[in-house]
>>> print(open('model27.txt').read())   # compact mmCIF, C-alpha atoms and all ligand atoms
# COMPACT_ATOMS: atom_id res chain seq x y z
CA MET A 34 28.30 13.88 -43.81
CA PHE A 35 24.49 13.56 -43.98
CA ASP A 36 24.79 12.03 -47.46
CA ARG A 37 27.06 9.33 -46.00
CA ILE A 38 24.79 8.42 -43.09
CA ALA A 39 21.50 8.57 -45.05
CA PRO A 40 21.11 4.82 -45.78
CA ARG A 41 21.35 3.79 -42.10
CA TYR A 42 20.04 7.04 -40.57
CA ASP A 43 16.61 5.78 -39.41
CA LEU A 44 17.98 2.57 -37.91
CA LEU A 45 20.68 4.44 -35.96
CA ASN A 46 18.11 6.93 -34.63
CA ARG A 47 16.00 4.15 -33.18
CA VAL A 48 18.99 2.31 -31.69
CA LEU A 49 20.87 5.30 -30.25
CA SER A 50 17.76 6.83 -28.67
CA LEU A 51 16.62 3.35 -27.51
CA GLY A 52 13.39 4.07 -29.40
CA THR A 53 12.68 7.22 -27.38
CA ASP A 54 12.89 9.51 -30.41
CA LEU A 55 9.53 8.10 -31.56
CA SER A 56 7.72 9.43 -28.50
CA TRP A 57 9.54 12.80 -28.77
CA ARG A 58 8.45 13.01 -32.40
CA ARG A 59 4.84 12.18 -31.52
CA ARG A 60 4.78 14.92 -28.90
CA ALA A 61 6.25 17.46 -31.35
CA LEU A 62 3.69 16.50 -34.00
CA ASP A 63 0.85 16.88 -31.46
CA LEU A 64 1.97 20.49 -31.15
CA ALA A 65 2.26 20.97 -34.92
CA ARG A 66 -1.32 19.84 -35.82
CA LEU A 67 -2.32 20.57 -39.43
CA GLY A 68 -5.92 21.47 -40.33
CA GLU A 69 -7.81 21.14 -43.66
CA GLY A 70 -5.70 22.60 -46.47
CA SER A 71 -2.77 23.48 -44.17
CA ARG A 72 0.67 23.93 -45.67
CA ALA A 73 3.62 22.82 -43.55
CA LEU A 74 7.34 23.26 -44.13
CA ASP A 75 9.73 20.63 -42.72
CA VAL A 76 13.21 22.15 -42.66
CA GLY A 77 16.07 19.64 -42.71
CA THR A 78 13.50 17.04 -43.71
CA GLY A 79 16.18 14.33 -43.95
CA THR A 80 14.76 10.88 -44.69
CA GLY A 81 11.24 12.25 -44.18
CA ASP A 82 10.58 10.86 -40.69
CA PHE A 83 8.90 14.02 -39.44
CA ALA A 84 7.14 14.87 -42.72
CA LEU A 85 5.68 11.39 -43.26
CA ALA A 86 4.45 11.11 -39.66
CA LEU A 87 2.89 14.57 -39.97
CA LEU A 88 1.08 13.64 -43.19
CA ALA A 89 -0.15 10.36 -41.71
CA ARG A 90 -2.01 12.20 -38.96
CA SER A 91 -3.29 15.18 -41.04
CA PRO A 92 -6.31 15.70 -43.31
CA ARG A 93 -5.72 14.58 -46.91
CA SER A 94 -5.91 18.21 -48.07
CA ALA A 95 -2.84 19.14 -45.98
CA THR A 96 0.59 19.18 -47.65
CA VAL A 97 4.20 19.20 -46.47
CA THR A 98 7.17 20.75 -48.24
CA GLY A 99 10.54 19.42 -47.15
CA VAL A 100 13.87 21.16 -47.68
CA ASP A 101 17.31 19.75 -47.00
CA ILE A 102 20.90 20.41 -48.06
CA SER A 103 21.65 16.69 -48.47
CA ALA A 104 20.66 15.02 -51.75
CA GLY A 105 21.38 11.61 -50.18
CA MET A 106 18.83 12.17 -47.41
CA LEU A 107 16.24 13.43 -49.91
CA GLN A 108 16.69 10.29 -52.05
CA VAL A 109 15.75 8.14 -49.06
CA ALA A 110 12.81 10.49 -48.35
CA GLU A 111 11.60 10.10 -51.94
CA ARG A 112 11.64 6.30 -51.74
CA ARG A 113 9.78 6.33 -48.43
CA ALA A 114 7.18 8.84 -49.67
CA THR A 115 6.49 6.74 -52.77
CA ARG A 116 6.16 3.59 -50.66
CA ALA A 117 3.73 5.39 -48.33
CA GLY A 118 1.73 6.65 -51.32
CA VAL A 119 2.03 10.31 -50.28
CA GLY A 120 4.53 11.54 -52.90
CA ALA A 121 2.04 14.09 -54.27
CA ARG A 122 1.45 15.64 -50.83
CA TYR A 123 5.15 15.84 -49.92
CA GLU A 124 7.20 18.14 -52.14
CA ARG A 125 10.96 17.97 -51.55
CA LEU A 126 13.72 20.34 -52.60
CA ILE A 127 17.35 21.06 -51.92
CA ALA A 128 17.68 24.30 -49.97
CA SER A 129 19.16 25.61 -46.74
CA VAL A 130 17.03 26.89 -43.89
CA GLU A 131 19.39 29.89 -43.94
CA ARG A 132 18.00 30.90 -47.35
CA LEU A 133 14.52 29.50 -47.94
CA PRO A 134 13.24 29.76 -51.53
CA PHE A 135 9.71 30.75 -50.50
CA ALA A 136 7.65 33.91 -50.34
CA ASP A 137 6.89 35.58 -47.02
CA ALA A 138 3.95 34.09 -45.05
CA ASP A 139 3.76 31.00 -47.31
CA PHE A 140 3.22 28.34 -44.60
CA ASP A 141 0.90 27.66 -41.66
CA VAL A 142 3.41 25.54 -39.71
CA VAL A 143 7.19 25.06 -39.82
CA VAL A 144 8.73 22.02 -38.15
CA ALA A 145 12.40 21.20 -37.58
CA GLY A 146 13.43 17.83 -36.14
CA PHE A 147 17.05 17.50 -34.96
CA VAL A 148 18.15 20.15 -37.47
CA ILE A 149 18.73 23.53 -35.85
CA ARG A 150 21.79 22.25 -33.93
CA ASN A 151 23.50 21.58 -37.28
CA VAL A 152 22.80 24.95 -38.89
CA GLY A 153 25.78 27.27 -39.40
CA ASP A 154 23.94 30.54 -38.77
CA ILE A 155 21.13 29.67 -36.34
CA PRO A 156 19.72 33.22 -35.91
CA ARG A 157 19.48 33.53 -39.67
CA GLY A 158 17.76 30.13 -40.00
CA LEU A 159 15.24 31.03 -37.31
CA GLY A 160 14.66 34.39 -39.03
CA GLU A 161 13.89 32.58 -42.28
CA MET A 162 11.50 30.19 -40.51
CA HIS A 163 9.70 33.22 -39.07
CA ARG A 164 9.58 35.02 -42.44
CA VAL A 165 7.89 32.15 -44.31
CA LEU A 166 5.21 31.65 -41.62
CA ARG A 167 1.86 33.40 -41.93
CA PRO A 168 0.99 35.68 -38.99
CA GLY A 169 -0.18 33.40 -36.18
CA GLY A 170 1.54 30.38 -37.80
CA ARG A 171 3.59 28.10 -35.56
CA ALA A 172 7.15 26.82 -35.50
CA VAL A 173 7.85 23.54 -33.67
CA ILE A 174 11.48 22.64 -33.06
CA LEU A 175 12.64 19.32 -31.62
CA ASP A 176 16.32 18.94 -30.82
CA LEU A 177 18.86 17.34 -28.51
CA HIS A 178 20.42 19.21 -25.59
CA THR A 179 22.85 18.49 -22.77
CA PRO A 180 20.97 17.27 -19.66
CA ARG A 181 21.29 19.57 -16.60
CA ASN A 182 21.44 16.89 -13.91
CA PRO A 183 25.15 15.97 -13.38
CA THR A 184 24.46 12.23 -12.91
CA VAL A 185 22.27 12.01 -16.00
CA ARG A 186 24.89 14.05 -17.89
CA ARG A 187 27.67 11.61 -16.93
CA LEU A 188 25.61 8.57 -17.98
CA TYR A 189 24.59 10.28 -21.17
CA ARG A 190 28.20 11.16 -22.05
CA ALA A 191 29.32 7.60 -21.37
CA PHE A 192 26.59 6.26 -23.66
CA SER A 193 27.55 8.85 -26.32
CA LEU A 194 31.08 7.43 -26.40
CA LEU A 195 29.59 4.13 -27.57
CA SER A 196 27.70 5.68 -30.47
CA PRO A 197 30.56 5.68 -33.04
CA ARG A 198 31.14 1.96 -32.38
CA LEU A 199 27.44 1.15 -32.65
CA ALA A 200 27.27 3.19 -35.86
CA GLY A 201 30.23 1.23 -37.31
CA ALA A 202 28.72 -2.11 -36.26
CA LEU A 203 25.42 -1.20 -37.93
CA GLY A 204 27.07 -0.23 -41.22
CA SER A 205 27.13 3.55 -40.81
CA ASP A 206 29.91 6.13 -40.54
CA PRO A 207 31.59 6.20 -37.07
CA GLU A 208 33.05 9.69 -37.71
CA ALA A 209 29.58 11.19 -38.16
CA TYR A 210 28.58 9.70 -34.82
CA ARG A 211 31.64 11.27 -33.18
CA TYR A 212 30.28 14.60 -34.45
CA LEU A 213 26.84 13.93 -32.86
CA PRO A 214 27.81 14.32 -29.13
CA ARG A 215 30.12 17.24 -30.01
CA SER A 216 27.27 19.03 -31.78
CA ILE A 217 25.00 18.51 -28.75
CA GLU A 218 27.65 19.85 -26.31
CA ALA A 219 28.17 22.90 -28.50
CA PHE A 220 24.44 23.62 -28.89
CA HIS A 221 22.48 26.28 -26.98
CA ASP A 222 20.63 25.24 -23.84
CA PRO A 223 16.82 25.42 -24.14
CA GLU A 224 16.62 28.86 -22.46
CA ALA A 225 19.16 30.33 -24.90
CA LEU A 226 17.38 28.78 -27.89
CA ALA A 227 14.09 30.29 -26.65
CA ALA A 228 15.81 33.70 -26.47
CA LEU A 229 17.03 33.30 -30.07
CA LEU A 230 13.47 32.46 -31.17
CA ARG A 231 12.23 35.67 -29.53
CA SER A 232 15.01 37.67 -31.20
CA ALA A 233 13.95 36.17 -34.55
CA GLY A 234 10.48 37.68 -34.00
CA PHE A 235 8.57 34.72 -32.55
CA ALA A 236 5.90 35.39 -29.91
CA ARG A 237 4.53 33.15 -27.14
CA VAL A 238 7.77 31.15 -27.14
CA ARG A 239 7.72 28.14 -24.84
CA PHE A 240 9.62 24.89 -24.48
CA GLU A 241 9.31 21.56 -22.75
CA ARG A 242 12.17 19.33 -21.71
CA LEU A 243 11.90 15.64 -22.54
CA THR A 244 13.54 12.56 -20.94
CA PHE A 245 15.70 14.28 -18.26
CA GLY A 246 16.46 17.18 -20.62
CA ILE A 247 18.15 15.04 -23.29
CA ALA A 248 15.75 16.64 -25.79
CA ALA A 249 13.45 19.66 -25.85
CA ILE A 250 10.59 20.93 -27.96
CA HIS A 251 10.31 24.67 -28.60
CA VAL A 252 7.16 26.32 -29.94
CA GLY A 253 6.87 29.90 -31.16
CA GLU A 254 4.23 31.85 -33.08
CA ALA A 255 4.85 34.24 -35.95
C1 LIG B 301 19.71 14.81 -37.90
S1 LIG B 301 18.97 15.01 -39.47
C2 LIG B 301 17.24 15.16 -39.09
C3 LIG B 301 16.35 14.72 -40.21
C4 LIG B 301 14.85 14.75 -39.93
N1 LIG B 301 14.36 16.08 -39.69
C5 LIG B 301 14.45 13.84 -38.81
O1 LIG B 301 13.66 14.27 -37.96
O2 LIG B 301 14.87 12.68 -38.78
C6 LIG B 301 19.42 16.65 -39.85
C7 LIG B 301 19.09 17.04 -41.26
O3 LIG B 301 19.25 18.45 -41.39
C8 LIG B 301 19.87 18.71 -42.65
N2 LIG B 301 20.49 20.04 -42.56
C9 LIG B 301 21.61 20.40 -41.91
N3 LIG B 301 21.84 21.71 -42.06
C10 LIG B 301 20.83 22.19 -42.82
C11 LIG B 301 20.51 23.47 -43.35
N4 LIG B 301 21.29 24.54 -43.11
N5 LIG B 301 19.40 23.61 -44.09
C12 LIG B 301 18.60 22.53 -44.36
N6 LIG B 301 18.86 21.29 -43.91
C13 LIG B 301 19.96 21.12 -43.14
C14 LIG B 301 20.83 17.55 -42.84
O4 LIG B 301 21.21 17.37 -44.19
C15 LIG B 301 20.01 16.38 -42.30
O5 LIG B 301 19.23 15.76 -43.29
>>> encode(input="model27.txt", output="structure tokens", more="lines below")
Ligand SMILES: C[S@@+](CC[C@H](N)C(=O)[O-])C[C@H]1O[C@@H](n2cnc3c(N)ncnc32)[C@H](O)[C@@H]1O
Amino acid sequence: MFDRIAPRYDLLNRVLSLGTDLSWRRRALDLARLGEGSRALDVGTGTGDFALALLARSPRSATVTGVDISAGMLQVAERRATRAGVGARYERLIASVERLPFADADFDVVVAGFVIRNVGDIPRGLGEMHRVLRPGGRAVILDLHTPRNPTVRRLYRAFSLLSPRLAGALGSDPEAYRYLPRSIEAFHDPEALAALLRSAGFARVRFERLTFGIAAIHVGEA
């Protein structure tokens, strides 16, 4: 599915979130901060939105490794990285967050933008993110959730019904955008996701809700 939506993925993100995803991403990246020589892992790196924004605001000695299960998404990421002139600082490979091909304590920061909701075995994925972080390293997770306020929830659901049509009109795959609201409904609420992070071994777990609870950012330390 992600291979199919890769070519129009960035455009649809901007349109469906009415541009709000950019401010959510900025806030998440503020919390991820890379220092001199830092190594970050971007799980579910997709078209590289998170990784490229992270590199743009980090010292030149910092690097990002991106993993994804979709070759189509990684092809778009490669083109964008080359265009941005950061190909050498952004390594990309096909792998699942459920089985990361890295040694223990290999990274200073792990970020995941709109990924965890799609992972088959979430506790296992979070466990892997914890394993590859050095002690004191930080995980930053940005994802979509169902808003708590009933009025906001109704409006949000109504808007979600439009997303397959918008996707079709903009040249993407309507079926994938029928999956999107279903995946959000089926996802853990922020409190439950925080509990899973603690069970995976993370300390000082906290989260902030964004835009009426449509999204949330979780932070935990290894
Ligand atoms: C909604 S996109 C988000 C892409 C990017 N992180 C962003 O912020 O735009 C979700 C990505 O997660 C990837 N993905 C889904 N399950 C995964 C898994 N188990 N391991 C690694 N990547 C996964 C998908 O292929 C897709 O590229």
>>> closest_residue(input="model27.txt", among="A:Thr53, A:Ala65, A:Arg122, A:Val148", to="ligand LIG 301 (chain B)", atoms="all atoms listed in the file")
A:Val148
>>> closest_residue(input="model27.txt", among="A:Ala225, A:Thr179, A:Pro156, A:Arg231", to="Leu213 in chain A", atoms="only C-alpha atoms")
A:Thr179
>>> atom_distance(input="model27.txt", atom1="CA of Asp36 in chain A", atom2="CA of Arg190 in chain A")
25.7 Å
>>> residues_near_ligand(input="model27.txt", ligand="ligand LIG 301 (chain B)", cutoff="7 Å", atoms="all atoms listed in the file", output="list of chain:residue names")
A:Phe35, A:Val76, A:Gly77, A:Thr78, A:Gly79, A:Thr80, A:Gly81, A:Asp82, A:Phe83, A:Val100, A:Asp101, A:Ile102, A:Ser103, A:Met106, A:Ala128, A:Ser129, A:Val130, A:Glu131, A:Ala145, A:Gly146, A:Phe147, A:Val148, A:Asn151, A:Val152, A:Gly153
>>> closest_residue(input="model27.txt", among="A:Tyr210, A:Phe135, A:Phe240, A:Phe220", to="His178 in chain A", atoms="all atoms listed in the file")
A:Phe220
>>> closest_residue(input="model27.txt", among="A:Gly160, A:Gly68, A:Pro223, A:Pro183", to="Val142 in chain A", atoms="all atoms listed in the file")
A:Gly68
>>> closest_residue(input="model27.txt", among="A:Thr184, A:Ala255, A:Met34, A:Gly52", to="Arg211 in chain A", atoms="only C-alpha atoms")
A:Met34
>>> atom_distance(input="model27.txt", atom1="CA of Arg215 in chain A", atom2="CA of Ser193 in chain A")
9.5 Å
>>> closest_atom_pairs(input="model27.txt", of="range 162-209 of chain A", to="range 46-49 of chain A", cutoff="9 Å", atoms="all atoms listed in the file", output="Markdown table")
| residue | atom | partner | partner_atom | distance |
| --- | --- | --- | --- | --- |
| A:Phe192 | CA | A:Leu49 | CA | 8.8 |
| A:Ser193 | CA | A:Leu49 | CA | 8.5 |
| A:Ser196 | CA | A:Leu49 | CA | 6.8 |
| A:Leu199 | CA | A:Leu49 | CA | 8.1 |
| A:Ala200 | CA | A:Leu49 | CA | 8.8 |
>>> residues_near_point(input="model27.txt", point="(14.6, 14.6, -23.1)", cutoff="8 Å", atoms="only C-alpha atoms", output="ChimeraX atom specification")
/A:57,177-178,180,242-249
>>> residues_near_point(input="model27.txt", point="(12.1, 32.6, -45.2)", cutoff="9 Å", atoms="all atoms listed in the file", output="ChimeraX atom specification")
/A:130-139,158-166
>>> closest_residue(input="model27.txt", among="A:Leu126, A:Ala209, A:Ala89, A:Ile250", to="Leu45 in chain A", atoms="only C-alpha atoms")
A:Ala209
>>> atom_distance(input="model27.txt", atom1="CA of Arg112 in chain A", atom2="CA of Arg125 in chain A")
11.7 Å
